[in-house]
>>> print(open('run23.cif').read())   # mmCIF, C-alpha atoms
data_query
#
loop_
_atom_site.label_atom_id
_atom_site.label_comp_id
_atom_site.auth_asym_id
_atom_site.auth_seq_id
_atom_site.Cartn_x
_atom_site.Cartn_y
_atom_site.Cartn_z
CA MET A 3 -1.64 29.45 3.64
CA ALA A 4 -3.42 26.50 5.25
CA THR A 5 -5.53 26.03 2.15
CA TYR A 6 -2.51 26.36 -0.13
CA TYR A 7 -0.52 23.66 1.68
CA ALA A 8 -3.58 21.44 2.05
CA ASP A 9 -4.11 21.62 -1.72
CA ARG A 10 -0.45 20.81 -2.39
CA TYR A 11 -0.57 17.84 -0.02
CA ARG A 12 -3.82 16.52 -1.45
CA SER A 13 -2.61 16.90 -5.02
CA ALA A 14 0.62 15.00 -4.32
CA PHE A 15 -1.31 12.34 -2.37
CA THR A 16 -3.78 11.86 -5.23
CA MET A 17 -1.03 11.75 -7.82
CA VAL A 18 0.90 9.10 -5.89
CA PHE A 19 -2.15 6.87 -5.61
CA SER A 20 -2.96 7.36 -9.29
CA LEU A 21 0.58 6.41 -10.23
CA GLU A 22 0.46 3.33 -7.99
CA TRP A 23 -2.27 1.67 -10.02
CA MET A 24 -0.43 2.61 -13.20
CA ALA A 25 2.67 0.81 -11.89
CA ALA A 26 0.54 -2.23 -11.10
CA VAL A 27 -0.95 -2.21 -14.61
CA ALA A 28 2.52 -1.88 -16.16
CA ALA A 29 3.73 -4.82 -14.07
CA GLY A 30 0.76 -6.92 -15.17
CA MET A 31 1.24 -5.98 -18.80
CA GLY A 32 4.91 -6.88 -18.51
CA LEU A 33 3.97 -10.30 -17.19
CA MET A 34 1.48 -10.84 -20.00
CA ALA A 35 3.93 -9.60 -22.62
CA ASN A 36 6.65 -11.91 -21.35
CA GLY A 37 5.44 -14.70 -23.63
CA SER A 38 5.46 -12.48 -26.72
CA GLY A 39 9.10 -11.48 -26.46
CA TRP A 40 11.66 -9.72 -24.33
CA ALA A 41 11.30 -6.40 -26.14
CA ALA A 42 7.67 -5.92 -25.09
CA ALA A 43 8.32 -7.12 -21.54
CA GLY A 44 11.35 -4.83 -21.30
CA LEU A 45 9.28 -1.85 -22.45
CA TRP A 46 6.66 -2.47 -19.76
CA GLY A 47 9.40 -2.96 -17.21
CA ARG A 48 10.91 0.41 -18.11
CA ILE A 49 7.50 2.04 -17.90
CA GLU A 50 6.95 0.50 -14.47
CA LEU A 51 10.37 1.68 -13.32
CA ALA A 52 9.66 5.22 -14.56
CA VAL A 53 6.33 5.29 -12.71
CA ILE A 54 7.95 4.01 -9.51
CA LEU A 55 10.67 6.67 -9.81
CA ALA A 56 7.96 9.31 -10.28
CA ILE A 57 6.24 8.07 -7.10
CA LEU A 58 9.53 8.21 -5.25
CA GLY A 59 10.22 11.70 -6.56
CA LEU A 60 6.80 12.97 -5.48
CA THR A 61 7.24 11.44 -2.04
CA ILE A 62 10.66 13.04 -1.56
CA TRP A 63 9.33 16.37 -2.86
CA GLY A 64 6.43 16.21 -0.37
CA LYS A 65 8.72 15.33 2.53
CA ARG A 66 11.12 18.17 1.73
CA GLY A 67 8.27 20.63 1.22
CA ARG A 68 6.64 19.49 4.49
CA PHE A 69 3.20 20.26 3.02
CA HIS A 70 1.26 18.24 5.56
CA GLU A 71 3.14 19.64 8.54
CA ARG A 72 2.75 23.20 7.31
CA ARG A 73 -0.96 22.68 6.72
CA ILE A 74 -1.35 21.41 10.27
CA ASP A 75 0.65 24.39 11.58
CA TYR A 76 -1.35 26.99 9.64
CA ARG A 77 -4.78 25.51 10.32
CA PRO A 78 -5.15 26.70 13.96
CA LEU A 79 -3.96 30.15 12.91
CA ALA A 80 -6.55 30.22 10.12
CA GLU A 81 -9.28 29.27 12.61
CA GLN A 82 -8.21 32.01 15.03
CA VAL A 83 -8.21 34.63 12.27
CA ARG A 84 -11.65 33.46 11.14
CA HIS A 85 -13.01 34.01 14.66
CA LEU A 86 -11.53 37.52 14.80
CA THR A 87 -14.20 38.78 12.40
CA PHE A 88 -16.85 38.11 15.07
CA LEU A 89 -14.81 39.58 17.89
#
>>> encode(input="run23.cif", output="structure tokens")
Amino acid sequence: MATYYADRYRSAFTMVFSLEWMAAVAAGMGLMANGSGWAAAGLWGRIELAVILAILGLTIWGKRGRFHERRIDYRPLAEQVRHLTFL
């Protein structure tokens, strides 16, 4: 269980940081597209908003799932069970 929750936490953590740079790129593209018309800037703005909402959704999902806390709780138990094979 410790490995399962650690993988869930790491996956969400990696996804959030991957989405963060995508939001930054969308914001930059929106600024560059601002001179070419409102339609292009609006599209990049909507993309940026969607990415930010995805980040927010992943963060809320991780908080509700308590993946990090559960991983920390299961880790000592996993270590104790691992030592039982030698005892």
>>> resolve_selection(input="run23.cif", expression="the PyMOL selection byres ((chain A and resi 14) around 12)", output="ChimeraX atom specification")
/A:7-13,15-21,56-65,67-70
>>> residues_around(input="run23.cif", residues="Arg77 in chain A", least_positions_apart="2", cutoff="12 Å", atoms="only C-alpha atoms", output="ChimeraX atom specification")
/A:3-8,70-75,79-84
>>> atom_distance(input="run23.cif", atom1="CA of Glu22 in chain A", atom2="CA of Trp46 in chain A")
14.5 Å
>>> resolve_selection(input="run23.cif", expression="the PyMOL selection byres ((chain A and resi 32) around 9)", output="PyMOL selection string")
chain A and resi 27-31+33-36+42-47+50
>>> closest_residue(input="run23.cif", among="A:Ala25, A:Thr87, A:Pro78, A:Arg66", to="Val53 in chain A", atoms="only C-alpha atoms")
A:Ala25
>>> decode(input="run23.cif", residues="range 24-87 of chain A", atoms="C-alpha atoms", output="PDB file, in the first residue's frame")
ATOM      1  CA  MET A  24       2.175  24.417 -20.112  1.00  0.00           C
ATOM      2  CA  ALA A  25       0.172  27.201 -18.444  1.00  0.00           C
ATOM      3  CA  ALA A  26       3.208  29.469 -18.628  1.00  0.00           C
ATOM      4  CA  VAL A  27       3.670  28.698 -22.337  1.00  0.00           C
ATOM      5  CA  ALA A  28      -0.028  29.353 -23.001  1.00  0.00           C
ATOM      6  CA  ALA A  29       0.231  32.687 -21.179  1.00  0.00           C
ATOM      7  CA  GLY A  30       3.286  33.644 -23.227  1.00  0.00           C
ATOM      8  CA  MET A  31       1.641  32.618 -26.464  1.00  0.00           C
ATOM      9  CA  GLY A  32      -1.422  34.647 -25.510  1.00  0.00           C
ATOM     10  CA  LEU A  33       0.767  37.696 -24.982  1.00  0.00           C
ATOM     11  CA  MET A  34       2.496  37.196 -28.318  1.00  0.00           C
ATOM     12  CA  ALA A  35      -0.808  36.581 -30.111  1.00  0.00           C
ATOM     13  CA  ASN A  36      -2.329  39.722 -28.638  1.00  0.00           C
ATOM     14  CA  GLY A  37      -1.008  41.797 -31.539  1.00  0.00           C
ATOM     15  CA  SER A  38      -2.453  39.455 -34.165  1.00  0.00           C
ATOM     16  CA  GLY A  39      -6.030  39.679 -32.948  1.00  0.00           C
ATOM     17  CA  TRP A  40      -8.345  38.989 -30.053  1.00  0.00           C
ATOM     18  CA  ALA A  41      -9.425  35.589 -31.358  1.00  0.00           C
ATOM     19  CA  ALA A  42      -5.942  34.080 -31.085  1.00  0.00           C
ATOM     20  CA  ALA A  43      -5.284  35.711 -27.706  1.00  0.00           C
ATOM     21  CA  GLY A  44      -8.668  34.508 -26.446  1.00  0.00           C
ATOM     22  CA  LEU A  45      -7.909  30.953 -27.549  1.00  0.00           C
ATOM     23  CA  TRP A  46      -4.616  30.928 -25.644  1.00  0.00           C
ATOM     24  CA  GLY A  47      -6.346  32.459 -22.657  1.00  0.00           C
ATOM     25  CA  ARG A  48      -8.930  29.676 -22.657  1.00  0.00           C
ATOM     26  CA  ILE A  49      -6.194  27.073 -22.961  1.00  0.00           C
ATOM     27  CA  GLU A  50      -4.357  28.633 -20.027  1.00  0.00           C
ATOM     28  CA  LEU A  51      -7.552  28.681 -17.967  1.00  0.00           C
ATOM     29  CA  ALA A  52      -8.230  25.015 -18.772  1.00  0.00           C
ATOM     30  CA  VAL A  53      -4.699  24.054 -17.723  1.00  0.00           C
ATOM     31  CA  ILE A  54      -4.997  26.024 -14.478  1.00  0.00           C
ATOM     32  CA  LEU A  55      -8.341  24.344 -13.747  1.00  0.00           C
ATOM     33  CA  ALA A  56      -6.717  20.955 -14.394  1.00  0.00           C
ATOM     34  CA  ILE A  57      -3.956  21.840 -11.903  1.00  0.00           C
ATOM     35  CA  LEU A  58      -6.554  22.896  -9.370  1.00  0.00           C
ATOM     36  CA  GLY A  59      -8.526  19.700  -9.937  1.00  0.00           C
ATOM     37  CA  LEU A  60      -5.451  17.512  -9.466  1.00  0.00           C
ATOM     38  CA  THR A  61      -4.533  19.377  -6.295  1.00  0.00           C
ATOM     39  CA  ILE A  62      -8.017  18.974  -4.824  1.00  0.00           C
ATOM     40  CA  TRP A  63      -8.070  15.302  -5.848  1.00  0.00           C
ATOM     41  CA  GLY A  64      -4.712  14.741  -4.117  1.00  0.00           C
ATOM     42  CA  LYS A  65      -5.817  16.527  -0.956  1.00  0.00           C
ATOM     43  CA  ARG A  66      -9.051  14.528  -0.759  1.00  0.00           C
ATOM     44  CA  GLY A  67      -7.254  11.267  -1.492  1.00  0.00           C
ATOM     45  CA  ARG A  68      -4.575  12.095   1.110  1.00  0.00           C
ATOM     46  CA  PHE A  69      -2.008  10.168  -0.947  1.00  0.00           C
ATOM     47  CA  HIS A  70       1.017  11.666   0.758  1.00  0.00           C
ATOM     48  CA  GLU A  71      -0.348  11.176   4.261  1.00  0.00           C
ATOM     49  CA  ARG A  72      -1.323   7.588   3.539  1.00  0.00           C
ATOM     50  CA  ARG A  73       2.098   6.862   2.067  1.00  0.00           C
ATOM     51  CA  ILE A  74       3.738   8.229   5.202  1.00  0.00           C
ATOM     52  CA  ASP A  75       1.381   6.142   7.368  1.00  0.00           C
ATOM     53  CA  TYR A  76       1.985   2.904   5.458  1.00  0.00           C
ATOM     54  CA  ARG A  77       5.757   3.278   5.128  1.00  0.00           C
ATOM     55  CA  PRO A  78       6.695   2.327   8.732  1.00  0.00           C
ATOM     56  CA  LEU A  79       4.343  -0.647   8.523  1.00  0.00           C
ATOM     57  CA  ALA A  80       5.998  -1.751   5.275  1.00  0.00           C
ATOM     58  CA  GLU A  81       9.429  -1.514   6.915  1.00  0.00           C
ATOM     59  CA  GLN A  82       8.285  -3.574   9.902  1.00  0.00           C
ATOM     60  CA  VAL A  83       6.824  -6.270   7.657  1.00  0.00           C
ATOM     61  CA  ARG A  84      10.036  -6.339   5.624  1.00  0.00           C
ATOM     62  CA  HIS A  85      12.053  -7.006   8.798  1.00  0.00           C
ATOM     63  CA  LEU A  86       9.719  -9.847   9.800  1.00  0.00           C
ATOM     64  CA  THR A  87      11.200 -12.069   7.102  1.00  0.00           C
TER      65      THR A  87
END
